[in-house]
Amino acid sequence: MALDLEGWDGEELVIRRDAPTGAWIAIAIHSTLRGPAVGGTRIRRYPSVSDALVDVLRLSGGMTVKNAVAGLPCGGAKAVIAVSTDLIGSQREALLERYAAMIESLGGRFDTGPDIGSTEADMDVIGNVTEHVFCRSRAAGGSGTASPWTAAGVLSGIRATLRHGMGSEDLNGRRVLVQGLGEVGGVLIGLLHRAGARLLLTDTDPARVEAAMVRLPDAEAVPPEDATSTECDVFAPCAIGGILNSDTIPGLRCSIVAGAANNQLLEKADADRLRAAGILYAPDFVINGGGIIRGVGAERLGWTDAQIDARVEGIGETLQAIYRDAERLDISTAAAAMRIAHEVLTAAPPIPAGIA
Ligand code: NAI
Ligand code: PHE
């Protein structure tokens, strides 16, 4: 996908080349309309710096609508650190400290948290330099990793989607293919297993698949290249973005797509392609809001565990409302979810932090 800065409707893009490591750091603040912009830090290799920028711009917009639909008093942003090698030890720490200084220089317009390639330990390092970070370890005064809440929200969303699409939310005997067995997928498979689902597992990292198969010997491993063509009831993408596109959608053999990955659709038209194929799609920015609800709820809004759990569980109800709207208006589920986000962003005033 080509870089289209003119087509980006965000507020601020900060880019820096980190001379000591050669990494490129990009922070995209998409919207501060409803409060400080919050979004995770993705650390990975990209084919080119342009690819990293395309990713950060797209992801930042997704965070604005995610936070709006979740009812959080936050805007949306994302950061990407495009590294050329896997950085560890003091080199990684020093890079994160320089990145944290960039966050600090934004004066509170951007708060970050974990995403692909970044961990709770990384948040602790960032937290040594700036307060504008979520999900530090409990020992460092944070609320810890939010991934289990992301997974819990996805489970609630899968159930709601099954209820709407197949008449029952019962997972017993349902075939669920989970793509990506990392922080979120690794927790999700345990929840699905407990609910009686028949699991199909895939990851590009064979060690992750092996570890999952040891935990859940009844599961079936699927080669990564077969992820989008294997028959199942529910396909749950929990890895990379752009997995739903004009190449993969015609080959999908599932009734439902419902997973945690951000930016699952490569382009807008993919939502209509899924609809035309009779596949019920849980919009990613709705179903994967559990982690940010947890991070912001626990650390900024003073929500109790019970309040957080209720909000995360409520993701299922939000999706049900979206599915009803989509049917009533004869539009895709992604378009129906965008309508809700748009309503929140245009009608509702920003909520002062701590009062929601
Ligand atoms: P992670 O980095 O811990 O795990 C991702 C897993 O996907 C890894 O095991 C990796 O080997 C695998 N993978 C990468 N490319 C793959 C491919 N082509 N096919 C199969 N497997 C592949 O990431 P995490 O935190 O679990 O996040 C997963 C997705 O969910 C990402 O898109 C992330 O942005 C999104 N997300 C994560 C949240 C969280 O709380 N961690 C919150 C909301 C969204
Ligand atoms: N990676 C998270 C997401 O995409 C971002 C995040 C989680 C930020 C928790 C802050 C707290 O939603």
# chains A, B, ... in the order shown; residues from 1 in each chain; ligands from 1
$ closest_atom_pairs --of "stretch 249-290 of chain A" --to "stretch 315-325 of chain A" --cutoff "10 Å" --atoms "only C-alpha atoms" --output "CSV"
residue,atom,partner,partner_atom,distance
A:Leu280,CA,A:Tyr323,CA,8.6
A:Tyr281,CA,A:Tyr323,CA,9.1
A:Ala282,CA,A:Leu319,CA,7.0
A:Pro283,CA,A:Leu319,CA,8.2
A:Val286,CA,A:Ile315,CA,7.0
A:Ile287,CA,A:Ile315,CA,6.2
A:Asn288,CA,A:Ile315,CA,8.6
A:Gly289,CA,A:Ile315,CA,7.7
A:Gly290,CA,A:Ile315,CA,7.8
$ closest_atom_pairs --of "stretch 23-123 of chain A" --to "stretch 339-344 of chain A" --cutoff "6 Å" --atoms "only C-alpha atoms" --output "JSON lines"
{"residue": "A:Val65", "atom": "CA", "partner": "A:Ala341", "partner_atom": "CA", "distance": 5.3}
{"residue": "A:Ala68", "atom": "CA", "partner": "A:Ala341", "partner_atom": "CA", "distance": 5.6}
{"residue": "A:Val69", "atom": "CA", "partner": "A:Ala341", "partner_atom": "CA", "distance": 5.3}
$ closest_atom_pairs --of "chain A" --to "ligand 2" --cutoff "9 Å" --atoms "only C-alpha atoms and all ligand atoms" --output "Markdown table"
| residue | atom | partner | partner_atom_place_in_ligand_line | distance |
| --- | --- | --- | --- | --- |
| A:Val38 | CA | ligand 2 | 8 (C) | 6.1 |
| A:Gly39 | CA | ligand 2 | 8 (C) | 4.6 |
| A:Gly40 | CA | ligand 2 | 5 (C) | 3.9 |
| A:Thr41 | CA | ligand 2 | 1 (N) | 7.2 |
| A:Arg42 | CA | ligand 2 | 1 (N) | 7.9 |
| A:Leu59 | CA | ligand 2 | 4 (O) | 8.1 |
| A:Gly62 | CA | ligand 2 | 4 (O) | 8.4 |
| A:Met63 | CA | ligand 2 | 12 (O) | 6.8 |
| A:Lys66 | CA | ligand 2 | 12 (O) | 7.5 |
| A:Asn67 | CA | ligand 2 | 12 (O) | 8.4 |
| A:Lys78 | CA | ligand 2 | 5 (C) | 8.1 |
| A:Asp111 | CA | ligand 2 | 10 (C) | 7.6 |
| A:Thr112 | CA | ligand 2 | 10 (C) | 5.7 |
| A:Gly113 | CA | ligand 2 | 10 (C) | 3.8 |
| A:Pro114 | CA | ligand 2 | 1 (N) | 5.2 |
| A:Asp115 | CA | ligand 2 | 1 (N) | 3.9 |
| A:Ile116 | CA | ligand 2 | 1 (N) | 7.1 |
| A:Val133 | CA | ligand 2 | 10 (C) | 7.5 |
| A:Phe134 | CA | ligand 2 | 11 (C) | 5.3 |
| A:Cys135 | CA | ligand 2 | 11 (C) | 6.1 |
| A:Thr145 | CA | ligand 2 | 9 (C) | 7.7 |
| A:Ala146 | CA | ligand 2 | 9 (C) | 5.6 |
| A:Ser147 | CA | ligand 2 | 7 (C) | 7.7 |
| A:Thr150 | CA | ligand 2 | 12 (O) | 7.9 |
| A:Ala260 | CA | ligand 2 | 4 (O) | 8.6 |
| A:Ala261 | CA | ligand 2 | 4 (O) | 8.1 |
| A:Asn262 | CA | ligand 2 | 4 (O) | 6.4 |
| A:Phe285 | CA | ligand 2 | 12 (O) | 7.9 |
| A:Asn288 | CA | ligand 2 | 12 (O) | 6.5 |
| A:Gly289 | CA | ligand 2 | 12 (O) | 5.7 |
| A:Gly290 | CA | ligand 2 | 12 (O) | 7.6 |
| A:Gly291 | CA | ligand 2 | 9 (C) | 4.7 |
| A:Ile292 | CA | ligand 2 | 9 (C) | 3.8 |
| A:Ile293 | CA | ligand 2 | 9 (C) | 7.2 |
| A:Arg294 | CA | ligand 2 | 9 (C) | 6.8 |
| A:Gly295 | CA | ligand 2 | 11 (C) | 4.4 |
| A:Val296 | CA | ligand 2 | 11 (C) | 6.3 |
$ closest_residue --among "A:Thr64, A:Thr230, A:Thr119, A:Thr161" --to "ligand 1" --atoms "only C-alpha atoms and all ligand atoms"
A:Thr119
$ atom_distance --atom1 "atom 42 (C, counted along the ligand's line) of ligand 1" --atom2 "atom CA of A:Val184"
7.3 Å
$ select_by_dssp --residues "stretch 78-165 of chain A" --states "alpha helix (DSSP H)" --output "count of residues only"
44
$ atom_distance --atom1 "atom CA of A:Ile126" --atom2 "atom CA of A:Glu97"
5.8 Å
$ atom_distance --atom1 "atom CA of A:Gln179" --atom2 "atom CA of A:Gly314"
24.0 Å
$ residues_around --residues "A:Leu177" --least-positions-apart "6" --cutoff "7 Å" --atoms "only C-alpha atoms" --output "ChimeraX atom specification"
/A:199-201,232,234-236
$ residues_around --residues "A:Arg45" --least-positions-apart "4" --cutoff "10 Å" --atoms "only C-alpha atoms" --output "list of chain:residue names"
A:Ala23, A:Val49, A:Asp51, A:Ala52, A:Val80, A:Ile81, A:Ala82, A:Val83, A:Ser84, A:Thr85, A:Asp86, A:Gly117
$ select_by_dssp --residues "stretch 135-213 of chain A" --states "strand (DSSP E or B)" --output "PyMOL selection string"
chain A and resi 175-179+198-202
$ closest_residue --among "A:Ile88, A:Leu216, A:Ala207, A:Met1" --to "ligand 1" --atoms "only C-alpha atoms and all ligand atoms"
A:Ala207
$ residues_around --residues "A:Thr32" --least-positions-apart "4" --cutoff "7 Å" --atoms "only C-alpha atoms" --output "ChimeraX atom specification"
/A:36-37,74-76
$ write_last_selection --atoms "N, CA and C atoms" --output "PDB file, in the first residue's frame"
ATOM      1  N   PRO A  36      -6.531  13.122  25.561  1.00  0.00           N
ATOM      2  CA  PRO A  36      -5.186  12.758  25.091  1.00  0.00           C
ATOM      3  C   PRO A  36      -5.271  11.538  24.178  1.00  0.00           C
ATOM      4  N   ALA A  37      -4.479  11.544  23.131  1.00  0.00           N
ATOM      5  CA  ALA A  37      -4.518  10.438  22.179  1.00  0.00           C
ATOM      6  C   ALA A  37      -3.752   9.247  22.745  1.00  0.00           C
ATOM      7  N   CYS A  74     -10.594   9.473  25.466  1.00  0.00           N
ATOM      8  CA  CYS A  74      -9.275   9.510  24.833  1.00  0.00           C
ATOM      9  C   CYS A  74      -9.427   9.718  23.343  1.00  0.00           C
ATOM     10  N   GLY A  75      -8.405  10.341  22.785  1.00  0.00           N
ATOM     11  CA  GLY A  75      -8.300  10.361  21.340  1.00  0.00           C
ATOM     12  C   GLY A  75      -7.535   9.130  20.883  1.00  0.00           C
ATOM     13  N   GLY A  76      -7.104   9.159  19.612  1.00  0.00           N
ATOM     14  CA  GLY A  76      -6.418   7.984  19.073  1.00  0.00           C
ATOM     15  C   GLY A  76      -5.065   8.314  18.483  1.00  0.00           C
TER      16      GLY A  76
END
$ closest_residue --among "A:Thr130, A:Thr333, A:Thr21, A:Ser60" --to "ligand 1" --atoms "only C-alpha atoms and all ligand atoms"
A:Ser60
$ closest_residue --among "A:Gly10, A:Gly259, A:Gly297, A:Pro223" --to "A:Gly157" --atoms "only C-alpha atoms"
A:Gly259
$ residues_around --residues "stretch 267-273 of chain A" --least-positions-apart "5" --cutoff "9 Å" --atoms "only C-alpha atoms" --output "list in words"
Gly242, Leu244, Asn245, Ser246, Ile249, Pro250, Gly278, Ile279, Tyr281, Pro283, Ile331, Ser332, Thr333, Ala334 and Ala335 of chain A
$ write_last_selection --atoms "C-alpha atoms" --output "CSV table (one decimal), in the first residue's frame"
chain,number,residue,atom,x,y,z
A,242,GLY,CA,-4.6,-6.7,6.1
A,244,LEU,CA,-8.9,-9.8,4.9
A,245,ASN,CA,-8.4,-8.7,1.3
A,246,SER,CA,-9.5,-9.3,-2.3
A,249,ILE,CA,-11.8,-13.3,1.1
A,250,PRO,CA,-12.9,-15.5,-1.9
A,278,GLY,CA,-22.2,-14.1,3.6
A,279,ILE,CA,-19.5,-13.9,6.3
A,281,TYR,CA,-17.4,-9.8,10.4
A,283,PRO,CA,-15.3,-5.0,13.3
A,331,ILE,CA,-24.8,-1.8,5.2
A,332,SER,CA,-21.7,-3.8,6.2
A,333,THR,CA,-20.9,-4.3,9.9
A,334,ALA,CA,-17.8,-2.2,9.5
A,335,ALA,CA,-19.8,0.7,8.1
$ residues_around --residues "A:Gly89" --least-positions-apart "4" --cutoff "12 Å" --atoms "only C-alpha atoms" --output "list in words"
Glu93, Ala94, Leu95, Leu96, Ala121, Asp122 and Val125 of chain A
$ closest_residue --among "A:Arg208, A:Arg275, A:Arg300, A:Arg34" --to "ligand 1" --atoms "only C-alpha atoms and all ligand atoms"
A:Arg208
$ closest_residue --among "A:Pro237, A:Gly251, A:Gly61, A:Gly196" --to "ligand 1" --atoms "only C-alpha atoms and all ligand atoms"
A:Pro237
$ decode --residues "stretch 207-282 of chain A" --atoms "C-alpha atoms" --output "compact mmCIF listing (two decimals), in the first residue's frame"
# COMPACT_ATOMS: atom_id res chain seq x y z
CA ALA A 207 7.77 -22.65 18.68
CA ARG A 208 4.52 -20.86 19.52
CA VAL A 209 2.47 -23.61 17.84
CA GLU A 210 4.44 -26.32 19.59
CA ALA A 211 3.98 -24.70 23.00
CA ALA A 212 0.25 -24.32 22.37
CA MET A 213 -0.09 -27.95 21.29
CA VAL A 214 1.58 -29.07 24.51
CA ARG A 215 -0.96 -27.04 26.49
CA LEU A 216 -3.92 -28.12 24.37
CA PRO A 217 -3.17 -31.52 22.82
CA ASP A 218 -6.71 -31.82 21.35
CA ALA A 219 -6.07 -28.84 19.09
CA GLU A 220 -5.08 -29.16 15.45
CA ALA A 221 -2.12 -27.27 13.98
CA VAL A 222 -2.69 -25.54 10.65
CA PRO A 223 0.17 -24.38 8.39
CA PRO A 224 0.34 -20.57 8.36
CA GLU A 225 -0.27 -20.42 4.61
CA ASP A 226 -3.58 -22.30 5.07
CA ALA A 227 -4.98 -19.94 7.70
CA THR A 228 -7.44 -18.25 5.38
CA SER A 229 -8.51 -21.33 3.43
CA THR A 230 -9.18 -23.87 6.19
CA GLU A 231 -12.78 -24.74 6.95
CA CYS A 232 -14.00 -23.53 10.35
CA ASP A 233 -16.97 -21.81 11.98
CA VAL A 234 -14.99 -18.84 13.31
CA PHE A 235 -11.76 -17.41 11.94
CA ALA A 236 -10.05 -15.35 14.66
CA PRO A 237 -7.15 -13.27 13.29
CA CYS A 238 -4.86 -12.39 16.20
CA ALA A 239 -1.67 -11.53 14.34
CA ILE A 240 -1.10 -9.06 11.55
CA GLY A 241 -3.29 -6.56 9.69
CA GLY A 242 -4.55 -6.68 6.11
CA ILE A 243 -5.40 -10.37 6.36
CA LEU A 244 -8.88 -9.80 4.86
CA ASN A 245 -8.44 -8.68 1.27
CA SER A 246 -9.49 -9.33 -2.30
CA ASP A 247 -7.08 -12.28 -2.51
CA THR A 248 -8.04 -14.03 0.75
CA ILE A 249 -11.79 -13.34 1.07
CA PRO A 250 -12.86 -15.53 -1.89
CA GLY A 251 -11.01 -18.46 -0.29
CA LEU A 252 -12.40 -18.08 3.26
CA ARG A 253 -14.36 -21.12 4.43
CA CYS A 254 -15.82 -19.74 7.65
CA SER A 255 -19.14 -18.21 8.70
CA ILE A 256 -17.65 -15.62 11.05
CA VAL A 257 -14.49 -13.53 11.30
CA ALA A 258 -13.92 -12.31 14.86
CA GLY A 259 -10.45 -11.72 16.25
CA ALA A 260 -8.10 -9.28 17.94
CA ALA A 261 -5.80 -8.10 15.15
CA ASN A 262 -5.89 -4.41 14.31
CA ASN A 263 -6.68 -3.34 10.73
CA GLN A 264 -7.85 -6.73 9.54
CA LEU A 265 -9.39 -5.26 6.39
CA LEU A 266 -6.81 -4.21 3.81
CA GLU A 267 -9.22 -1.68 2.35
CA LYS A 268 -12.76 -0.43 3.00
CA ALA A 269 -14.21 -2.48 0.13
CA ASP A 270 -13.21 -5.67 1.96
CA ALA A 271 -16.08 -5.14 4.39
CA ASP A 272 -18.52 -5.36 1.46
CA ARG A 273 -16.65 -8.34 0.03
CA LEU A 274 -17.15 -10.20 3.32
CA ARG A 275 -20.80 -9.25 3.40
CA ALA A 276 -21.31 -10.42 -0.18
CA ALA A 277 -19.64 -13.71 0.75
CA GLY A 278 -22.16 -14.14 3.61
CA ILE A 279 -19.48 -13.90 6.30
CA LEU A 280 -20.37 -12.03 9.48
CA TYR A 281 -17.43 -9.78 10.41
CA ALA A 282 -16.88 -8.42 13.92
